[in-house]
Amino acid sequence: MSANRPFVLTIAGLDPSGGAGILADIKTFEQHKVTGFAISTANTIQTENQFYEIQWTDLSFVIRSIETMFLNYKISVAKIGIVSSLYDLNRIVSTVKRLSSSTKIVWDPVLKSTTKFEFMNIENRLDLNKILSKIDLITPNYHEMKILFPEFVLIENQFPTNVLLKGGHNEKAIGTDRLFLKDEILELFPSEKKCSEKHGSGCVLSSAIASNLALNQSIKEACKNAKIYIENYLSSTSTLIGYHYV
């Protein structure tokens, strides 16, 4: 392995089509010239068009895998995707922080598939806020934001962590993302590229951000540069599966 490439770990599901999950994450990591590792939280049966079935990985296996990776490598950023419950998310986040307090965490809160299969219920708001306070950035779309924060208002950062609210599902401003930081709110506007919907675009965006953070970019820089990357991805084909390039 190249000694000058930072290590980034994705903890997420396996999508056999490669459009989402750990396969998409690894493709993104490689394009950003970071060394990517992956731990699978679930096996799925799906294509870019349809979700059929999920088989969750035993949590203790996931935790032991995380411990092994952190004991052997200095991991700069951990990106988390689908998990089955807030309890599992808390165990994963707490394990990462216990093993390396300096490791940044990005969570892409995939709560439902595009075909409405539900991955996680938000059972307890207090537990959610405690978990989020240990995470550096979350990347929900508008539908996920309403589930996570039903009463949110887009005028101030009232959240327990930094939030990149993706604009792909915002009918009033398609493609305009909003980045909620501790002391400011930024709007990230889309370019004029012709973009097509892609399966797993949220996974690609969050893993691009994780890569940029590992390359010592600020959260603001990481999100701005990741937006360029995801627009290249969205404009690469007219199908639901895109090409990765920088």
# chains A, B, ... in the order shown; residues from 1 in each chain; ligands from 1
call {"tool": "residues_around", "arguments": {"residues": "segment 74-80 of chain A", "least_positions_apart": "4", "cutoff": "7 Å", "atoms": "only C-alpha atoms", "output": "MDAnalysis selection string"}}
result
chainID A and resid 6:12 70 103:108 207 210 214
call {"tool": "write_last_selection", "arguments": {"atoms": "all heavy atoms", "output": "short mmCIF file (atom, residue, chain, number, x, y, z; two decimals), in the first residue's frame"}}
result
data_model
loop_
_atom_site.label_atom_id
_atom_site.label_comp_id
_atom_site.auth_asym_id
_atom_site.auth_seq_id
_atom_site.Cartn_x
_atom_site.Cartn_y
_atom_site.Cartn_z
N PRO A 6 -4.00 8.30 2.74
CA PRO A 6 -4.72 8.08 4.00
C PRO A 6 -5.68 6.89 3.87
O PRO A 6 -6.11 6.53 2.77
CB PRO A 6 -5.48 9.38 4.21
CG PRO A 6 -5.63 9.96 2.84
CD PRO A 6 -4.41 9.54 2.07
N PHE A 7 -6.01 6.29 5.00
CA PHE A 7 -6.93 5.16 5.04
C PHE A 7 -8.34 5.64 5.37
O PHE A 7 -8.55 6.42 6.30
CB PHE A 7 -6.48 4.15 6.09
CG PHE A 7 -5.14 3.54 5.83
CD1 PHE A 7 -4.14 3.60 6.79
CD2 PHE A 7 -4.86 2.90 4.63
CE1 PHE A 7 -2.89 3.03 6.55
CE2 PHE A 7 -3.62 2.33 4.38
CZ PHE A 7 -2.63 2.40 5.35
N VAL A 8 -9.30 5.15 4.59
CA VAL A 8 -10.71 5.48 4.80
C VAL A 8 -11.49 4.17 4.87
O VAL A 8 -11.28 3.27 4.05
CB VAL A 8 -11.27 6.37 3.67
CG1 VAL A 8 -12.71 6.77 3.97
CG2 VAL A 8 -10.40 7.62 3.50
N LEU A 9 -12.38 4.05 5.83
CA LEU A 9 -13.15 2.83 6.04
C LEU A 9 -14.63 3.09 5.80
O LEU A 9 -15.20 4.02 6.36
CB LEU A 9 -12.95 2.33 7.47
CG LEU A 9 -13.84 1.16 7.93
CD1 LEU A 9 -13.53 -0.12 7.14
CD2 LEU A 9 -13.68 0.91 9.43
N THR A 10 -15.25 2.26 4.96
CA THR A 10 -16.70 2.30 4.81
C THR A 10 -17.32 1.14 5.56
O THR A 10 -16.85 -0.01 5.47
CB THR A 10 -17.15 2.27 3.33
OG1 THR A 10 -18.58 2.13 3.28
CG2 THR A 10 -16.52 1.14 2.56
N ILE A 11 -18.35 1.44 6.33
CA ILE A 11 -19.10 0.44 7.09
C ILE A 11 -20.53 0.53 6.58
O ILE A 11 -21.30 1.41 6.99
CB ILE A 11 -19.02 0.72 8.61
CG1 ILE A 11 -17.57 0.86 9.06
CG2 ILE A 11 -19.73 -0.36 9.40
CD1 ILE A 11 -17.41 1.47 10.44
N ALA A 12 -20.89 -0.33 5.66
CA ALA A 12 -22.16 -0.16 4.94
C ALA A 12 -22.58 -1.48 4.29
O ALA A 12 -21.91 -2.50 4.46
CB ALA A 12 -22.02 0.94 3.89
N PHE A 70 -8.94 -1.14 12.99
CA PHE A 70 -8.36 -0.02 13.72
C PHE A 70 -7.09 -0.41 14.48
O PHE A 70 -6.21 0.44 14.69
CB PHE A 70 -9.38 0.59 14.67
CG PHE A 70 -10.25 1.64 14.02
CD1 PHE A 70 -11.42 1.28 13.37
CD2 PHE A 70 -9.90 2.97 14.06
CE1 PHE A 70 -12.21 2.23 12.76
CE2 PHE A 70 -10.69 3.94 13.45
CZ PHE A 70 -11.85 3.57 12.80
N THR A 103 -10.48 9.97 14.56
CA THR A 103 -11.11 9.54 13.30
C THR A 103 -12.43 10.29 13.10
O THR A 103 -13.29 10.31 13.97
CB THR A 103 -11.38 8.03 13.31
OG1 THR A 103 -10.13 7.34 13.41
CG2 THR A 103 -12.09 7.59 12.04
N LYS A 104 -12.57 10.92 11.95
CA LYS A 104 -13.82 11.61 11.62
C LYS A 104 -14.85 10.59 11.15
O LYS A 104 -14.50 9.57 10.55
CB LYS A 104 -13.59 12.67 10.55
CG LYS A 104 -12.73 13.84 11.01
CD LYS A 104 -12.60 14.87 9.90
CE LYS A 104 -11.89 16.13 10.40
NZ LYS A 104 -10.49 15.86 10.78
N ILE A 105 -16.11 10.88 11.41
CA ILE A 105 -17.20 9.98 11.03
C ILE A 105 -18.21 10.72 10.17
O ILE A 105 -18.68 11.81 10.53
CB ILE A 105 -17.90 9.39 12.27
CG1 ILE A 105 -16.92 8.58 13.13
CG2 ILE A 105 -19.09 8.52 11.85
CD1 ILE A 105 -17.52 8.04 14.41
N VAL A 106 -18.53 10.14 9.02
CA VAL A 106 -19.58 10.64 8.13
C VAL A 106 -20.67 9.57 8.07
O VAL A 106 -20.37 8.41 7.78
CB VAL A 106 -19.03 10.92 6.71
CG1 VAL A 106 -20.16 11.34 5.77
CG2 VAL A 106 -17.93 11.98 6.76
N TRP A 107 -21.90 9.96 8.34
CA TRP A 107 -23.02 9.01 8.26
C TRP A 107 -23.97 9.44 7.16
O TRP A 107 -24.49 10.55 7.18
CB TRP A 107 -23.77 8.93 9.59
CG TRP A 107 -24.95 7.99 9.56
CD1 TRP A 107 -25.02 6.78 8.93
CD2 TRP A 107 -26.23 8.18 10.19
NE1 TRP A 107 -26.26 6.19 9.12
CE2 TRP A 107 -27.03 7.04 9.90
CE3 TRP A 107 -26.77 9.19 10.98
CZ2 TRP A 107 -28.33 6.89 10.36
CZ3 TRP A 107 -28.08 9.05 11.45
CH2 TRP A 107 -28.85 7.90 11.14
N ASP A 108 -24.17 8.55 6.20
CA ASP A 108 -25.19 8.73 5.18
C ASP A 108 -26.43 7.99 5.67
O ASP A 108 -26.50 6.76 5.58
CB ASP A 108 -24.71 8.17 3.85
CG ASP A 108 -25.72 8.35 2.73
OD1 ASP A 108 -26.53 9.30 2.81
OD2 ASP A 108 -25.71 7.54 1.78
N SER A 207 -19.18 9.21 0.35
CA SER A 207 -17.83 8.63 0.32
C SER A 207 -16.83 9.60 -0.32
O SER A 207 -15.64 9.60 0.04
CB SER A 207 -17.83 7.28 -0.39
OG SER A 207 -18.37 7.36 -1.69
N ALA A 210 -16.02 11.87 2.55
CA ALA A 210 -15.11 11.17 3.46
C ALA A 210 -13.69 11.17 2.91
O ALA A 210 -12.72 11.38 3.65
CB ALA A 210 -15.61 9.75 3.69
N ALA A 214 -10.33 12.99 4.55
CA ALA A 214 -9.09 12.24 4.79
C ALA A 214 -7.89 12.94 4.16
O ALA A 214 -6.75 12.76 4.61
CB ALA A 214 -9.21 10.83 4.26
#
call {"tool": "residues_around", "arguments": {"residues": "segment 178-192 of chain A", "least_positions_apart": "5", "cutoff": "7 Å", "atoms": "only C-alpha atoms", "output": "mmCIF file with N, CA, C and O atoms, in the first residue's frame"}}
result
data_model
loop_
_atom_site.group_PDB
_atom_site.id
_atom_site.type_symbol
_atom_site.label_atom_id
_atom_site.label_comp_id
_atom_site.auth_asym_id
_atom_site.auth_seq_id
_atom_site.Cartn_x
_atom_site.Cartn_y
_atom_site.Cartn_z
ATOM 1 N N ASN A 157 -28.661 26.472 12.421
ATOM 2 C CA ASN A 157 -28.203 25.122 12.715
ATOM 3 C C ASN A 157 -28.696 24.731 14.105
ATOM 4 O O ASN A 157 -28.104 25.107 15.116
ATOM 5 N N ASN A 162 -22.934 18.569 12.257
ATOM 6 C CA ASN A 162 -22.969 19.245 10.963
ATOM 7 C C ASN A 162 -23.848 18.441 10.005
ATOM 8 O O ASN A 162 -23.817 17.203 10.014
ATOM 9 N N VAL A 163 -24.609 19.146 9.180
ATOM 10 C CA VAL A 163 -25.568 18.492 8.289
ATOM 11 C C VAL A 163 -25.398 19.033 6.869
ATOM 12 O O VAL A 163 -25.433 20.245 6.656
ATOM 13 N N LEU A 164 -25.217 18.117 5.925
ATOM 14 C CA LEU A 164 -25.322 18.477 4.507
ATOM 15 C C LEU A 164 -26.670 17.973 4.021
ATOM 16 O O LEU A 164 -26.876 16.769 3.849
ATOM 17 N N LEU A 165 -27.601 18.899 3.826
ATOM 18 C CA LEU A 165 -28.946 18.559 3.352
ATOM 19 C C LEU A 165 -28.915 18.557 1.830
ATOM 20 O O LEU A 165 -28.808 19.610 1.194
ATOM 21 N N LYS A 166 -28.988 17.364 1.253
ATOM 22 C CA LYS A 166 -28.884 17.220 -0.205
ATOM 23 C C LYS A 166 -30.133 17.758 -0.892
ATOM 24 O O LYS A 166 -31.242 17.596 -0.397
ATOM 25 N N LYS A 224 -17.920 20.929 -0.940
ATOM 26 C CA LYS A 224 -17.889 21.630 -2.226
ATOM 27 C C LYS A 224 -17.242 20.757 -3.307
ATOM 28 O O LYS A 224 -17.759 20.647 -4.434
#
call {"tool": "closest_atom_pairs", "arguments": {"of": "segment 185-234 of chain A", "to": "segment 140-151 of chain A", "cutoff": "12 Å", "atoms": "only C-alpha atoms", "output": "Markdown table"}}
result
| residue | atom | partner | partner_atom | distance |
| --- | --- | --- | --- | --- |
| A:Ser201 | CA | A:Asn141 | CA | 10.9 |
| A:Gly202 | CA | A:Asn141 | CA | 8.3 |
| A:Cys203 | CA | A:Pro140 | CA | 10.6 |
| A:Leu205 | CA | A:Pro140 | CA | 10.8 |
| A:Ser206 | CA | A:Pro140 | CA | 9.7 |
call {"tool": "residues_around", "arguments": {"residues": "segment 46-61 of chain A", "least_positions_apart": "2", "cutoff": "7 Å", "atoms": "only C-alpha atoms", "output": "MDAnalysis selection string"}}
result
chainID A and resid 15:17 19 41:44 63:65 88 115 199 240:241
call {"tool": "residues_around", "arguments": {"residues": "Ala222 of chain A", "least_positions_apart": "3", "cutoff": "8 Å", "atoms": "only C-alpha atoms", "output": "list in words"}}
result
Ala208, Ile209, Ala210, Asn212, Leu213, Gln217, Ser218, Ile219, Asn225 and Ala226 of chain A
call {"tool": "write_last_selection", "arguments": {"atoms": "N, CA and C atoms", "output": "PDB file, in the first residue's frame"}}
result
ATOM      1  N   ALA A 208     -17.299  10.459  -1.232  1.00  0.00           N
ATOM      2  CA  ALA A 208     -16.430  11.507  -1.777  1.00  0.00           C
ATOM      3  C   ALA A 208     -16.086  12.516  -0.686  1.00  0.00           C
ATOM      4  N   ILE A 209     -17.066  12.870   0.125  1.00  0.00           N
ATOM      5  CA  ILE A 209     -16.802  13.774   1.252  1.00  0.00           C
ATOM      6  C   ILE A 209     -15.814  13.141   2.220  1.00  0.00           C
ATOM      7  N   ALA A 210     -16.022  11.871   2.550  1.00  0.00           N
ATOM      8  CA  ALA A 210     -15.114  11.168   3.460  1.00  0.00           C
ATOM      9  C   ALA A 210     -13.692  11.169   2.909  1.00  0.00           C
ATOM     10  N   ASN A 212     -12.347  13.367   0.858  1.00  0.00           N
ATOM     11  CA  ASN A 212     -11.807  14.715   0.937  1.00  0.00           C
ATOM     12  C   ASN A 212     -11.402  15.082   2.361  1.00  0.00           C
ATOM     13  N   LEU A 213     -12.176  14.656   3.336  1.00  0.00           N
ATOM     14  CA  LEU A 213     -11.815  14.895   4.733  1.00  0.00           C
ATOM     15  C   LEU A 213     -10.503  14.191   5.078  1.00  0.00           C
ATOM     16  N   GLN A 217      -9.013  18.205   3.936  1.00  0.00           N
ATOM     17  CA  GLN A 217      -9.876  19.323   3.584  1.00  0.00           C
ATOM     18  C   GLN A 217     -10.840  19.609   4.736  1.00  0.00           C
ATOM     19  N   SER A 218     -11.251  20.861   4.877  1.00  0.00           N
ATOM     20  CA  SER A 218     -12.274  21.204   5.857  1.00  0.00           C
ATOM     21  C   SER A 218     -13.607  20.616   5.411  1.00  0.00           C
ATOM     22  N   ILE A 219     -14.577  20.592   6.310  1.00  0.00           N
ATOM     23  CA  ILE A 219     -15.893  20.080   5.936  1.00  0.00           C
ATOM     24  C   ILE A 219     -16.472  20.899   4.779  1.00  0.00           C
ATOM     25  N   ASN A 225     -16.119  20.135  -2.988  1.00  0.00           N
ATOM     26  CA  ASN A 225     -15.421  19.307  -3.973  1.00  0.00           C
ATOM     27  C   ASN A 225     -16.178  18.016  -4.262  1.00  0.00           C
ATOM     28  N   ALA A 226     -16.855  17.483  -3.249  1.00  0.00           N
ATOM     29  CA  ALA A 226     -17.657  16.279  -3.465  1.00  0.00           C
ATOM     30  C   ALA A 226     -18.833  16.570  -4.385  1.00  0.00           C
TER      31      ALA A 226
END
call {"tool": "closest_residue", "arguments": {"among": "A:Ala20, A:Val62, A:Leu137, A:Cys195", "to": "Thr237 of chain A", "atoms": "only C-alpha atoms"}}
result
A:Cys195
call {"tool": "select_by_dssp", "arguments": {"residues": "segment 17-181 of chain A", "states": "strand (DSSP E)", "output": "short mmCIF file (atom, residue, chain, number, x, y, z; two decimals) with all heavy atoms, in the first residue's frame"}}
result
data_model
loop_
_atom_site.label_atom_id
_atom_site.label_comp_id
_atom_site.auth_asym_id
_atom_site.auth_seq_id
_atom_site.Cartn_x
_atom_site.Cartn_y
_atom_site.Cartn_z
N THR A 35 -6.77 5.14 0.31
CA THR A 35 -6.85 3.69 0.42
C THR A 35 -8.12 3.31 1.15
O THR A 35 -8.32 3.72 2.30
CB THR A 35 -5.62 3.13 1.16
OG1 THR A 35 -4.45 3.43 0.41
CG2 THR A 35 -5.73 1.61 1.33
N GLY A 36 -8.99 2.57 0.50
CA GLY A 36 -10.29 2.25 1.05
C GLY A 36 -10.38 0.85 1.61
O GLY A 36 -9.90 -0.11 1.01
N PHE A 37 -10.99 0.75 2.79
CA PHE A 37 -11.33 -0.53 3.41
C PHE A 37 -12.85 -0.61 3.53
O PHE A 37 -13.53 0.41 3.56
CB PHE A 37 -10.71 -0.66 4.80
CG PHE A 37 -9.21 -0.56 4.83
CD1 PHE A 37 -8.58 0.23 5.79
CD2 PHE A 37 -8.43 -1.27 3.94
CE1 PHE A 37 -7.20 0.31 5.83
CE2 PHE A 37 -7.05 -1.19 3.97
CZ PHE A 37 -6.43 -0.39 4.92
N ALA A 38 -13.38 -1.83 3.64
CA ALA A 38 -14.84 -1.98 3.72
C ALA A 38 -15.24 -3.08 4.69
O ALA A 38 -14.62 -4.15 4.71
CB ALA A 38 -15.41 -2.28 2.33
N ILE A 39 -16.27 -2.80 5.47
CA ILE A 39 -16.90 -3.78 6.35
C ILE A 39 -18.39 -3.79 6.01
O ILE A 39 -19.04 -2.75 6.01
CB ILE A 39 -16.70 -3.43 7.84
CG1 ILE A 39 -15.20 -3.53 8.21
CG2 ILE A 39 -17.53 -4.34 8.73
CD1 ILE A 39 -14.88 -3.01 9.58
N SER A 40 -18.91 -4.97 5.73
CA SER A 40 -20.30 -5.07 5.29
C SER A 40 -21.25 -5.21 6.47
O SER A 40 -21.10 -6.11 7.31
CB SER A 40 -20.47 -6.28 4.35
OG SER A 40 -21.82 -6.43 3.98
N THR A 41 -22.24 -4.32 6.55
CA THR A 41 -23.27 -4.42 7.58
C THR A 41 -24.43 -5.29 7.13
O THR A 41 -25.27 -5.68 7.95
CB THR A 41 -23.82 -3.02 7.93
OG1 THR A 41 -24.32 -2.40 6.72
CG2 THR A 41 -22.74 -2.14 8.54
N ALA A 42 -24.49 -5.57 5.82
CA ALA A 42 -25.62 -6.36 5.29
C ALA A 42 -25.30 -6.83 3.88
O ALA A 42 -24.59 -6.14 3.14
CB ALA A 42 -26.90 -5.53 5.28
N ASN A 43 -25.82 -7.98 3.53
CA ASN A 43 -25.87 -8.41 2.13
C ASN A 43 -27.26 -8.12 1.60
O ASN A 43 -28.25 -8.30 2.32
CB ASN A 43 -25.57 -9.91 2.01
CG ASN A 43 -24.10 -10.21 2.11
OD1 ASN A 43 -23.27 -9.47 1.57
ND2 ASN A 43 -23.74 -11.28 2.80
N THR A 44 -27.33 -7.67 0.37
CA THR A 44 -28.63 -7.38 -0.22
C THR A 44 -28.78 -8.11 -1.54
O THR A 44 -27.80 -8.46 -2.19
CB THR A 44 -28.83 -5.87 -0.46
OG1 THR A 44 -27.94 -5.44 -1.51
CG2 THR A 44 -28.58 -5.07 0.79
N ILE A 45 -30.02 -8.32 -1.93
CA ILE A 45 -30.35 -8.76 -3.27
C ILE A 45 -31.07 -7.59 -3.93
O ILE A 45 -32.17 -7.22 -3.51
CB ILE A 45 -31.25 -10.02 -3.27
CG1 ILE A 45 -30.56 -11.17 -2.55
CG2 ILE A 45 -31.61 -10.41 -4.70
CD1 ILE A 45 -31.43 -12.42 -2.39
N GLN A 46 -30.40 -6.98 -4.90
CA GLN A 46 -30.98 -5.80 -5.56
C GLN A 46 -30.30 -5.57 -6.90
O GLN A 46 -29.22 -6.10 -7.17
CB GLN A 46 -30.86 -4.56 -4.67
CG GLN A 46 -29.45 -4.13 -4.37
CD GLN A 46 -29.40 -2.86 -3.52
OE1 GLN A 46 -29.97 -1.83 -3.89
NE2 GLN A 46 -28.73 -2.93 -2.38
N PHE A 51 -35.21 -3.38 -5.28
CA PHE A 51 -34.68 -3.95 -4.04
C PHE A 51 -35.54 -5.15 -3.66
O PHE A 51 -36.76 -5.05 -3.59
CB PHE A 51 -34.70 -2.91 -2.92
CG PHE A 51 -33.95 -3.35 -1.69
CD1 PHE A 51 -32.65 -2.95 -1.48
CD2 PHE A 51 -34.56 -4.16 -0.74
CE1 PHE A 51 -31.94 -3.36 -0.36
CE2 PHE A 51 -33.87 -4.58 0.38
CZ PHE A 51 -32.56 -4.18 0.57
N TYR A 52 -34.87 -6.30 -3.39
CA TYR A 52 -35.62 -7.53 -3.12
C TYR A 52 -35.49 -8.01 -1.68
O TYR A 52 -36.49 -8.39 -1.06
CB TYR A 52 -35.13 -8.64 -4.06
CG TYR A 52 -35.37 -8.36 -5.52
CD1 TYR A 52 -34.39 -7.80 -6.31
CD2 TYR A 52 -36.60 -8.65 -6.11
CE1 TYR A 52 -34.60 -7.52 -7.66
CE2 TYR A 52 -36.84 -8.39 -7.46
CZ TYR A 52 -35.83 -7.83 -8.23
OH TYR A 52 -36.04 -7.55 -9.55
N GLU A 53 -34.28 -8.02 -1.15
CA GLU A 53 -34.08 -8.70 0.13
C GLU A 53 -32.81 -8.20 0.80
O GLU A 53 -31.86 -7.75 0.14
CB GLU A 53 -33.97 -10.21 -0.13
CG GLU A 53 -34.01 -11.08 1.10
CD GLU A 53 -34.02 -12.56 0.75
OE1 GLU A 53 -34.43 -12.91 -0.39
OE2 GLU A 53 -33.61 -13.37 1.60
N ILE A 54 -32.81 -8.27 2.15
CA ILE A 54 -31.61 -7.89 2.91
C ILE A 54 -31.34 -8.93 3.99
O ILE A 54 -32.28 -9.51 4.56
CB ILE A 54 -31.77 -6.49 3.54
CG1 ILE A 54 -30.45 -6.00 4.13
CG2 ILE A 54 -32.87 -6.47 4.59
CD1 ILE A 54 -30.45 -4.52 4.45
N GLN A 55 -30.07 -9.21 4.22
CA GLN A 55 -29.65 -10.10 5.29
C GLN A 55 -28.60 -9.36 6.11
O GLN A 55 -27.48 -9.12 5.65
CB GLN A 55 -29.07 -11.40 4.72
CG GLN A 55 -28.71 -12.44 5.76
CD GLN A 55 -28.22 -13.72 5.12
OE1 GLN A 55 -27.11 -13.77 4.58
NE2 GLN A 55 -29.04 -14.76 5.18
N TRP A 56 -28.96 -8.98 7.32
CA TRP A 56 -28.08 -8.17 8.16
C TRP A 56 -26.91 -9.00 8.68
O TRP A 56 -27.07 -10.16 9.05
CB TRP A 56 -28.84 -7.57 9.33
CG TRP A 56 -29.87 -6.56 8.92
CD1 TRP A 56 -31.23 -6.73 8.87
CD2 TRP A 56 -29.63 -5.22 8.49
NE1 TRP A 56 -31.84 -5.59 8.44
CE2 TRP A 56 -30.89 -4.63 8.20
CE3 TRP A 56 -28.48 -4.44 8.33
CZ2 TRP A 56 -31.02 -3.32 7.75
CZ3 TRP A 56 -28.61 -3.14 7.89
CH2 TRP A 56 -29.87 -2.59 7.60
N ILE A 75 -6.83 4.87 10.66
CA ILE A 75 -7.92 5.23 9.76
C ILE A 75 -8.33 6.68 9.99
O ILE A 75 -8.70 7.06 11.11
CB ILE A 75 -9.10 4.26 9.96
CG1 ILE A 75 -8.67 2.85 9.53
CG2 ILE A 75 -10.33 4.72 9.17
CD1 ILE A 75 -9.67 1.77 9.84
N SER A 76 -8.27 7.46 8.95
CA SER A 76 -8.55 8.89 9.06
C SER A 76 -10.04 9.19 9.16
O SER A 76 -10.46 10.06 9.93
CB SER A 76 -7.96 9.63 7.85
OG SER A 76 -6.56 9.48 7.79
N VAL A 77 -10.84 8.49 8.34
CA VAL A 77 -12.27 8.76 8.28
C VAL A 77 -13.02 7.43 8.16
O VAL A 77 -12.59 6.54 7.43
CB VAL A 77 -12.63 9.65 7.07
CG1 VAL A 77 -14.12 9.97 7.04
CG2 VAL A 77 -11.83 10.95 7.09
N ALA A 78 -14.13 7.34 8.88
CA ALA A 78 -15.04 6.21 8.73
C ALA A 78 -16.36 6.73 8.17
O ALA A 78 -16.94 7.69 8.69
CB ALA A 78 -15.28 5.52 10.07
N LYS A 79 -16.82 6.10 7.09
CA LYS A 79 -18.10 6.45 6.49
C LYS A 79 -19.08 5.32 6.80
O LYS A 79 -18.78 4.15 6.60
CB LYS A 79 -17.96 6.64 4.98
CG LYS A 79 -19.28 6.96 4.28
CD LYS A 79 -19.78 5.81 3.47
CE LYS A 79 -21.21 6.05 3.03
NZ LYS A 79 -21.58 5.33 1.80
N ILE A 80 -20.25 5.66 7.32
CA ILE A 80 -21.24 4.67 7.71
C ILE A 80 -22.45 4.80 6.79
O ILE A 80 -22.92 5.90 6.51
CB ILE A 80 -21.67 4.85 9.18
CG1 ILE A 80 -20.45 4.75 10.10
CG2 ILE A 80 -22.72 3.82 9.57
CD1 ILE A 80 -20.74 5.10 11.54
N LYS A 104 -12.57 10.92 11.95
CA LYS A 104 -13.82 11.61 11.62
C LYS A 104 -14.85 10.59 11.15
O LYS A 104 -14.50 9.57 10.55
CB LYS A 104 -13.59 12.67 10.55
CG LYS A 104 -12.73 13.84 11.01
CD LYS A 104 -12.60 14.87 9.90
CE LYS A 104 -11.89 16.13 10.40
NZ LYS A 104 -10.49 15.86 10.78
N ILE A 105 -16.11 10.88 11.41
CA ILE A 105 -17.20 9.98 11.03
C ILE A 105 -18.21 10.72 10.17
O ILE A 105 -18.68 11.81 10.53
CB ILE A 105 -17.90 9.39 12.27
CG1 ILE A 105 -16.92 8.58 13.13
CG2 ILE A 105 -19.09 8.52 11.85
CD1 ILE A 105 -17.52 8.04 14.41
N VAL A 106 -18.53 10.14 9.02
CA VAL A 106 -19.58 10.64 8.13
C VAL A 106 -20.67 9.57 8.07
O VAL A 106 -20.37 8.41 7.78
CB VAL A 106 -19.03 10.92 6.71
CG1 VAL A 106 -20.16 11.34 5.77
CG2 VAL A 106 -17.93 11.98 6.76
N TRP A 107 -21.90 9.96 8.34
CA TRP A 107 -23.02 9.01 8.26
C TRP A 107 -23.97 9.44 7.16
O TRP A 107 -24.49 10.55 7.18
CB TRP A 107 -23.77 8.93 9.59
CG TRP A 107 -24.95 7.99 9.56
CD1 TRP A 107 -25.02 6.78 8.93
CD2 TRP A 107 -26.23 8.18 10.19
NE1 TRP A 107 -26.26 6.19 9.12
CE2 TRP A 107 -27.03 7.04 9.90
CE3 TRP A 107 -26.77 9.19 10.98
CZ2 TRP A 107 -28.33 6.89 10.36
CZ3 TRP A 107 -28.08 9.05 11.45
CH2 TRP A 107 -28.85 7.90 11.14
N LEU A 137 -20.42 14.61 10.49
CA LEU A 137 -21.28 15.09 9.41
C LEU A 137 -22.28 14.02 9.04
O LEU A 137 -21.94 12.84 8.95
CB LEU A 137 -20.45 15.45 8.17
CG LEU A 137 -21.23 15.93 6.94
CD1 LEU A 137 -21.77 17.34 7.15
CD2 LEU A 137 -20.34 15.89 5.69
N ILE A 138 -23.55 14.43 8.79
CA ILE A 138 -24.53 13.52 8.22
C ILE A 138 -25.00 14.12 6.90
O ILE A 138 -24.96 15.33 6.69
CB ILE A 138 -25.72 13.26 9.16
CG1 ILE A 138 -26.51 14.53 9.44
CG2 ILE A 138 -25.23 12.63 10.46
CD1 ILE A 138 -27.81 14.28 10.19
N ASN A 162 -22.93 18.57 12.26
CA ASN A 162 -22.97 19.24 10.96
C ASN A 162 -23.85 18.44 10.01
O ASN A 162 -23.82 17.20 10.01
CB ASN A 162 -21.56 19.37 10.40
CG ASN A 162 -20.65 20.19 11.29
OD1 ASN A 162 -20.94 21.34 11.60
ND2 ASN A 162 -19.55 19.59 11.74
N VAL A 163 -24.61 19.15 9.18
CA VAL A 163 -25.57 18.49 8.29
C VAL A 163 -25.40 19.03 6.87
O VAL A 163 -25.43 20.24 6.66
CB VAL A 163 -27.02 18.73 8.75
CG1 VAL A 163 -28.00 18.10 7.76
CG2 VAL A 163 -27.25 18.19 10.15
N LEU A 164 -25.22 18.12 5.93
CA LEU A 164 -25.32 18.48 4.51
C LEU A 164 -26.67 17.97 4.02
O LEU A 164 -26.88 16.77 3.85
CB LEU A 164 -24.20 17.86 3.68
CG LEU A 164 -24.29 18.16 2.18
CD1 LEU A 164 -24.07 19.65 1.90
CD2 LEU A 164 -23.31 17.33 1.37
N LEU A 165 -27.60 18.90 3.83
CA LEU A 165 -28.95 18.56 3.35
C LEU A 165 -28.92 18.56 1.83
O LEU A 165 -28.81 19.61 1.19
CB LEU A 165 -29.96 19.57 3.88
CG LEU A 165 -31.40 19.42 3.41
CD1 LEU A 165 -31.96 18.04 3.71
CD2 LEU A 165 -32.28 20.51 4.03
N ASP A 177 -27.78 22.14 -2.48
CA ASP A 177 -27.54 21.55 -1.17
C ASP A 177 -27.39 22.66 -0.13
O ASP A 177 -26.95 23.77 -0.46
CB ASP A 177 -26.26 20.70 -1.18
CG ASP A 177 -26.27 19.63 -2.26
OD1 ASP A 177 -27.38 19.20 -2.66
OD2 ASP A 177 -25.18 19.24 -2.70
N ARG A 178 -27.70 22.34 1.11
CA ARG A 178 -27.50 23.30 2.21
C ARG A 178 -26.61 22.64 3.27
O ARG A 178 -26.93 21.57 3.76
CB ARG A 178 -28.83 23.74 2.80
CG ARG A 178 -29.62 24.66 1.88
CD ARG A 178 -30.92 25.11 2.51
NE ARG A 178 -31.56 26.14 1.69
CZ ARG A 178 -32.36 25.89 0.68
NH1 ARG A 178 -32.63 24.66 0.34
NH2 ARG A 178 -32.90 26.88 -0.02
N LEU A 179 -25.53 23.33 3.58
CA LEU A 179 -24.57 22.82 4.55
C LEU A 179 -24.74 23.61 5.85
O LEU A 179 -24.48 24.81 5.91
CB LEU A 179 -23.14 22.97 4.02
CG LEU A 179 -22.01 22.53 4.95
CD1 LEU A 179 -22.15 21.05 5.33
CD2 LEU A 179 -20.65 22.79 4.30
N PHE A 180 -25.18 22.90 6.89
CA PHE A 180 -25.39 23.50 8.20
C PHE A 180 -24.16 23.22 9.06
O PHE A 180 -23.95 22.10 9.53
CB PHE A 180 -26.64 22.92 8.86
CG PHE A 180 -27.91 23.25 8.16
CD1 PHE A 180 -28.33 22.50 7.05
CD2 PHE A 180 -28.71 24.30 8.58
CE1 PHE A 180 -29.51 22.80 6.40
CE2 PHE A 180 -29.90 24.60 7.92
CZ PHE A 180 -30.29 23.86 6.83
#
call {"tool": "closest_residue", "arguments": {"among": "A:Val110, A:Asn232, A:Phe119, A:Asn129", "to": "Gln158 of chain A", "atoms": "only C-alpha atoms"}}
result
A:Asn129
